[in-house]
Every structure is written in structure tokens, then in C-alpha cells.
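A short worksheet on the structure shown next.
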Amino acid sequence: MLVVDDEPTIAEVVARYLERAGYRTRVASDGAQALELVARQRPDLVVLDLMLPGVDGLEVMRRLREQDRERIALILLTAKGEESDRIIGLRLGADDYVVKPFSPAELVARVDAVLRRVDTSPAQEAPIELSDMTIDAAARRVFVRGEEAQLTQREFDVLLFLARHPGQAFSRNQLMDAIWQYSFYTDTSTVTVHIRRLRAKIESDPAQPRHIETVWGVGYRFAP
């Protein structure tokens, strides 16, 4: 686990809470140091402040995504006024974000949720085979028209959940509860962002999606 924040008090408090929860944690105070620590030892998850001196958080994200095929899990720390950066971060593949000021206990819950999805992937589940797509839950890989789609952990979770329930409509709140795994998270706009990104990666025509359909007034459903 790596915590990256240039405010020592925040970094120390977050690290202390994560260590109490049983996670081995390192701390970096800027983007360059974060990249150096990742190069030395790859963490399972990075808690990353967007506003960093020198190499900022978004640039750290870009470099991590370019270098790491297995895609380290990322949770962003953002200020209330950083909505545009937050959206860019989600598009780059962030798995979650927390707006400052935040509760360290809430952050630990989000870390738990992200890592739980990885740790509990079903080992024996047969791939879901569609005419133009294969979803392999055990390997956490998706092949679309013969090519592997590069999905983030969260994008894969959304796709897998919907594909396991074909034809069933889910609201954004239901998707938050089922996939993000904590009910107190109230900003469902992140669901919309993930659906948009997912369509861009798996649909032949994202403007007229074949698989991930919008159910107006409700949410989304999966069409095999």
C-alpha cells in the first residue's frame, strides 16, 4: 500500500489508519518519490493526492497506467473544487476517489472494497461467451471481437456484474451498493462515468450500445 500526499499530517493519519486495518503502508510526499517507490516494490493499491508538487497526481496516474499492465488499484484524494481533475482521473482508470476533508475510516472502507473485489474473484467460474465478446471472470480479462479490451478493475466489475444479470435493470444506486460495496457513497455520477468509458471500450458504436443499454428513468441493463 502506498499513500502519496504532500501534507505530512494527512499522509501520516491515513497511513496509521491503514496500518491499524492490517495493511503494510509506505508514504511518499511527491509524485517523483511515489514513482520511485512503485518502481522499487509494486504496491497493491495507491492512495494518491491529485495536487502534488512537481509531478502532479494525474501525471503519476498516466505513468503508472503506461508502465503497469496489471493495473495497480488507485484511489484519488481530491479537493471539493477539483471536479474536472476527478473526472479525468476516472477516465484514466482510477478505481475510486475521496473528497477532502474526509474520514480516514471511510477511506479504509473504500480501500477494503477495492481490494475485496480483487481478492474474491471466482476461480472456477466459466467464461461468459457472447457472439462478439468473452468475459473471463477467473482471469479478469475481456476479449471483444478477438482483441483484449484494457479495462480498469472497476470497469471490469461493472461489466461482470451486469453480464451476470442479463436483461435486469439496475439503478445507479443499486450498482453503487453492489459494486462499490458501501451504501454511504452517495455520488452516483461515477457510475455514469464508468458506463461511458466501458461503452467506449467494448461497444462497436458507443452512441448506440448493443450490450450496455440505458433504461430511461431507471439506470442500465445488459443485453447478451
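In the C-alpha cells, chains take letters A, B, ... by order of appearance, with residues numbered from 1 within each chain and ligands from 1 in the order shown.
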
Which residues are close to Leu37 in chain A, i.e. within 12 Å by only C-alpha atoms, leaving aside same-chain residues fewer than 3 positions away? Reply as a PyMOL selection string. chain A and resi 1-4+25-34+40-43+46+60+64

Spatial neighbours of Ala79 in chain A, 9 Å, only C-alpha atoms, chain gap at least 2 places, as a PyMOL selection string: chain A and resi 50-51+77+81-83+98-101

May I have all residues of range 14-65 of chain A that DSSP, computed from the backbone, assigns to strand (DSSP E or B), given as JSON, numbers by chain? {"A": [26, 27, 28, 45, 46, 47, 48, 49]}

Can you spit out the residues from that selection as a PDB file, in the first residue's frame, using N, CA and C atoms?
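Below is the file that was written, again-v8.pdb:
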ATOM      1  N   ARG A  26       3.481   2.402   2.911  1.00  0.00           N
ATOM      2  CA  ARG A  26       4.587   3.332   2.721  1.00  0.00           C
ATOM      3  C   ARG A  26       4.010   4.699   2.361  1.00  0.00           C
ATOM      4  N   VAL A  27       4.821   5.749   2.549  1.00  0.00           N
ATOM      5  CA  VAL A  27       4.357   7.119   2.320  1.00  0.00           C
ATOM      6  C   VAL A  27       5.322   7.833   1.379  1.00  0.00           C
ATOM      7  N   ALA A  28       4.753   8.578   0.422  1.00  0.00           N
ATOM      8  CA  ALA A  28       5.540   9.443  -0.456  1.00  0.00           C
ATOM      9  C   ALA A  28       4.968  10.854  -0.373  1.00  0.00           C
ATOM     10  N   LEU A  45      -2.179  -1.205  -4.021  1.00  0.00           N
ATOM     11  CA  LEU A  45      -3.074  -0.051  -4.162  1.00  0.00           C
ATOM     12  C   LEU A  45      -2.311   1.212  -3.811  1.00  0.00           C
ATOM     13  N   VAL A  46      -2.642   2.311  -4.508  1.00  0.00           N
ATOM     14  CA  VAL A  46      -2.056   3.620  -4.235  1.00  0.00           C
ATOM     15  C   VAL A  46      -3.179   4.592  -3.877  1.00  0.00           C
ATOM     16  N   VAL A  47      -3.038   5.242  -2.719  1.00  0.00           N
ATOM     17  CA  VAL A  47      -3.911   6.357  -2.347  1.00  0.00           C
ATOM     18  C   VAL A  47      -3.174   7.617  -2.783  1.00  0.00           C
ATOM     19  N   LEU A  48      -3.718   8.331  -3.768  1.00  0.00           N
ATOM     20  CA  LEU A  48      -2.953   9.351  -4.484  1.00  0.00           C
ATOM     21  C   LEU A  48      -3.633  10.714  -4.445  1.00  0.00           C
ATOM     22  N   ASP A  49      -2.958  11.691  -3.858  1.00  0.00           N
ATOM     23  CA  ASP A  49      -3.440  13.071  -3.884  1.00  0.00           C
ATOM     24  C   ASP A  49      -3.206  13.646  -5.283  1.00  0.00           C
TER      25      ASP A  49
END

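We find CA of Thr190 in chain A and CA of Gln208 in chain A to be spaced 20.7 Å apart.
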
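Rounded to one decimal, CA of Gly146 in chain A and CA of Met133 in chain A lie 7.7 Å from each other.
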
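For the residues A:Ser84, A:Glu148, A:Tyr97, A:Asp5, ranking by smallest atom-to-atom distance to Leu52 in chain A using only C-alpha atoms places A:Asp5 first.
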
Give me, as an MDAnalysis selection string, the residues of range 21-223 of chain A that a backbone DSSP run labels helix (DSSP H, G or I). chainID A and resid 31:40 57:67 83:92 104:119 153:164 172:180 189:202

For Val215 in chain A, which of A:Ala15, A:Ala169, A:Met176, A:Ala200 is the closest residue, counting only C-alpha atoms? A:Ala169

Using only C-alpha atoms: which of A:Tyr17, A:Trp180, A:Phe156, A:Phe143 has the shortest distance to Arg197 in chain A: A:Phe156

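Counting only C-alpha atoms and comparing A:Ile75, A:Leu130, A:Ala178, A:Ile87, the residue that lies closest to Val111 in chain A is A:Ile75.
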
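Counting only C-alpha atoms and comparing A:Ser171, A:Ser131, A:Ser189, A:Gln153, the residue that lies closest to Arg86 in chain A is A:Ser189.
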
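Residue nearest Arg116 in chain A, chosen from A:Asp205, A:Asp132, A:Glu19, A:Asp157 and counting only C-alpha atoms: A:Asp157.
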
Which residues come within 9 Å of Ala163 in chain A, counting only C-alpha atoms, excluding same-chain residues fewer than 5 positions away, as a list in words? Ile128, Ile135, Val158, His211, Arg221, Phe222, Ala223 and Pro224 of chain A

With all heavy atoms retained, could you export that selection as an mmCIF file, in the first residue's frame?
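Output (selection_31.cif):
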data_model
loop_
_atom_site.group_PDB
_atom_site.id
_atom_site.type_symbol
_atom_site.label_atom_id
_atom_site.label_comp_id
_atom_site.auth_asym_id
_atom_site.auth_seq_id
_atom_site.Cartn_x
_atom_site.Cartn_y
_atom_site.Cartn_z
ATOM 1 N N ILE A 128 -18.045 -16.085 -19.666
ATOM 2 C CA ILE A 128 -19.315 -15.736 -20.302
ATOM 3 C C ILE A 128 -19.032 -15.519 -21.782
ATOM 4 O O ILE A 128 -18.288 -14.609 -22.156
ATOM 5 C CB ILE A 128 -19.922 -14.479 -19.666
ATOM 6 C CG1 ILE A 128 -20.213 -14.729 -18.180
ATOM 7 C CG2 ILE A 128 -21.202 -14.052 -20.401
ATOM 8 C CD1 ILE A 128 -20.645 -13.485 -17.425
ATOM 9 N N ILE A 135 -16.087 -12.791 -21.549
ATOM 10 C CA ILE A 135 -15.771 -12.207 -20.245
ATOM 11 C C ILE A 135 -15.272 -13.334 -19.352
ATOM 12 O O ILE A 135 -16.035 -14.229 -18.977
ATOM 13 C CB ILE A 135 -17.010 -11.537 -19.623
ATOM 14 C CG1 ILE A 135 -17.596 -10.500 -20.586
ATOM 15 C CG2 ILE A 135 -16.651 -10.893 -18.286
ATOM 16 C CD1 ILE A 135 -18.943 -9.964 -20.153
ATOM 17 N N VAL A 158 -18.015 -3.627 -13.147
ATOM 18 C CA VAL A 158 -19.319 -3.173 -13.647
ATOM 19 C C VAL A 158 -19.798 -4.091 -14.755
ATOM 20 O O VAL A 158 -20.952 -4.554 -14.765
ATOM 21 C CB VAL A 158 -19.227 -1.717 -14.140
ATOM 22 C CG1 VAL A 158 -20.523 -1.309 -14.839
ATOM 23 C CG2 VAL A 158 -18.937 -0.771 -12.990
ATOM 24 N N HIS A 211 -24.803 -3.799 -25.963
ATOM 25 C CA HIS A 211 -24.795 -4.611 -24.745
ATOM 26 C C HIS A 211 -25.228 -3.828 -23.498
ATOM 27 O O HIS A 211 -26.048 -4.317 -22.728
ATOM 28 C CB HIS A 211 -23.405 -5.202 -24.514
ATOM 29 C CG HIS A 211 -23.016 -6.215 -25.550
ATOM 30 N ND1 HIS A 211 -23.687 -7.411 -25.710
ATOM 31 C CD2 HIS A 211 -22.032 -6.199 -26.493
ATOM 32 C CE1 HIS A 211 -23.127 -8.105 -26.701
ATOM 33 N NE2 HIS A 211 -22.118 -7.385 -27.178
ATOM 34 N N ARG A 221 -29.032 -1.824 -18.108
ATOM 35 C CA ARG A 221 -29.180 -3.280 -18.142
ATOM 36 C C ARG A 221 -28.262 -3.825 -19.222
ATOM 37 O O ARG A 221 -27.829 -3.119 -20.137
ATOM 38 C CB ARG A 221 -30.624 -3.704 -18.404
ATOM 39 C CG ARG A 221 -31.120 -3.376 -19.797
ATOM 40 C CD ARG A 221 -32.490 -3.982 -20.082
ATOM 41 N NE ARG A 221 -33.032 -3.427 -21.310
ATOM 42 C CZ ARG A 221 -34.205 -2.810 -21.411
ATOM 43 N NH1 ARG A 221 -35.004 -2.700 -20.339
ATOM 44 N NH2 ARG A 221 -34.611 -2.333 -22.565
ATOM 45 N N PHE A 222 -27.982 -5.120 -19.125
ATOM 46 C CA PHE A 222 -27.077 -5.797 -20.059
ATOM 47 C C PHE A 222 -27.867 -6.663 -21.018
ATOM 48 O O PHE A 222 -28.699 -7.475 -20.608
ATOM 49 C CB PHE A 222 -26.067 -6.660 -19.299
ATOM 50 C CG PHE A 222 -25.000 -7.253 -20.168
ATOM 51 C CD1 PHE A 222 -23.874 -6.515 -20.493
ATOM 52 C CD2 PHE A 222 -25.124 -8.534 -20.661
ATOM 53 C CE1 PHE A 222 -22.877 -7.053 -21.297
ATOM 54 C CE2 PHE A 222 -24.131 -9.089 -21.472
ATOM 55 C CZ PHE A 222 -23.000 -8.344 -21.790
ATOM 56 N N ALA A 223 -27.599 -6.496 -22.294
ATOM 57 C CA ALA A 223 -28.211 -7.315 -23.331
ATOM 58 C C ALA A 223 -27.154 -8.253 -23.912
ATOM 59 O O ALA A 223 -26.140 -7.774 -24.431
ATOM 60 C CB ALA A 223 -28.806 -6.445 -24.437
ATOM 61 N N PRO A 224 -27.320 -9.555 -23.797
ATOM 62 C CA PRO A 224 -26.306 -10.512 -24.310
ATOM 63 C C PRO A 224 -26.142 -10.380 -25.826
ATOM 64 O O PRO A 224 -27.035 -9.955 -26.519
ATOM 65 C CB PRO A 224 -26.875 -11.874 -23.935
ATOM 66 C CG PRO A 224 -27.879 -11.604 -22.867
ATOM 67 C CD PRO A 224 -28.437 -10.240 -23.143
#

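Between CA of Asp112 in chain A and CA of Asp136 in chain A there is a distance of 23.2 Å.
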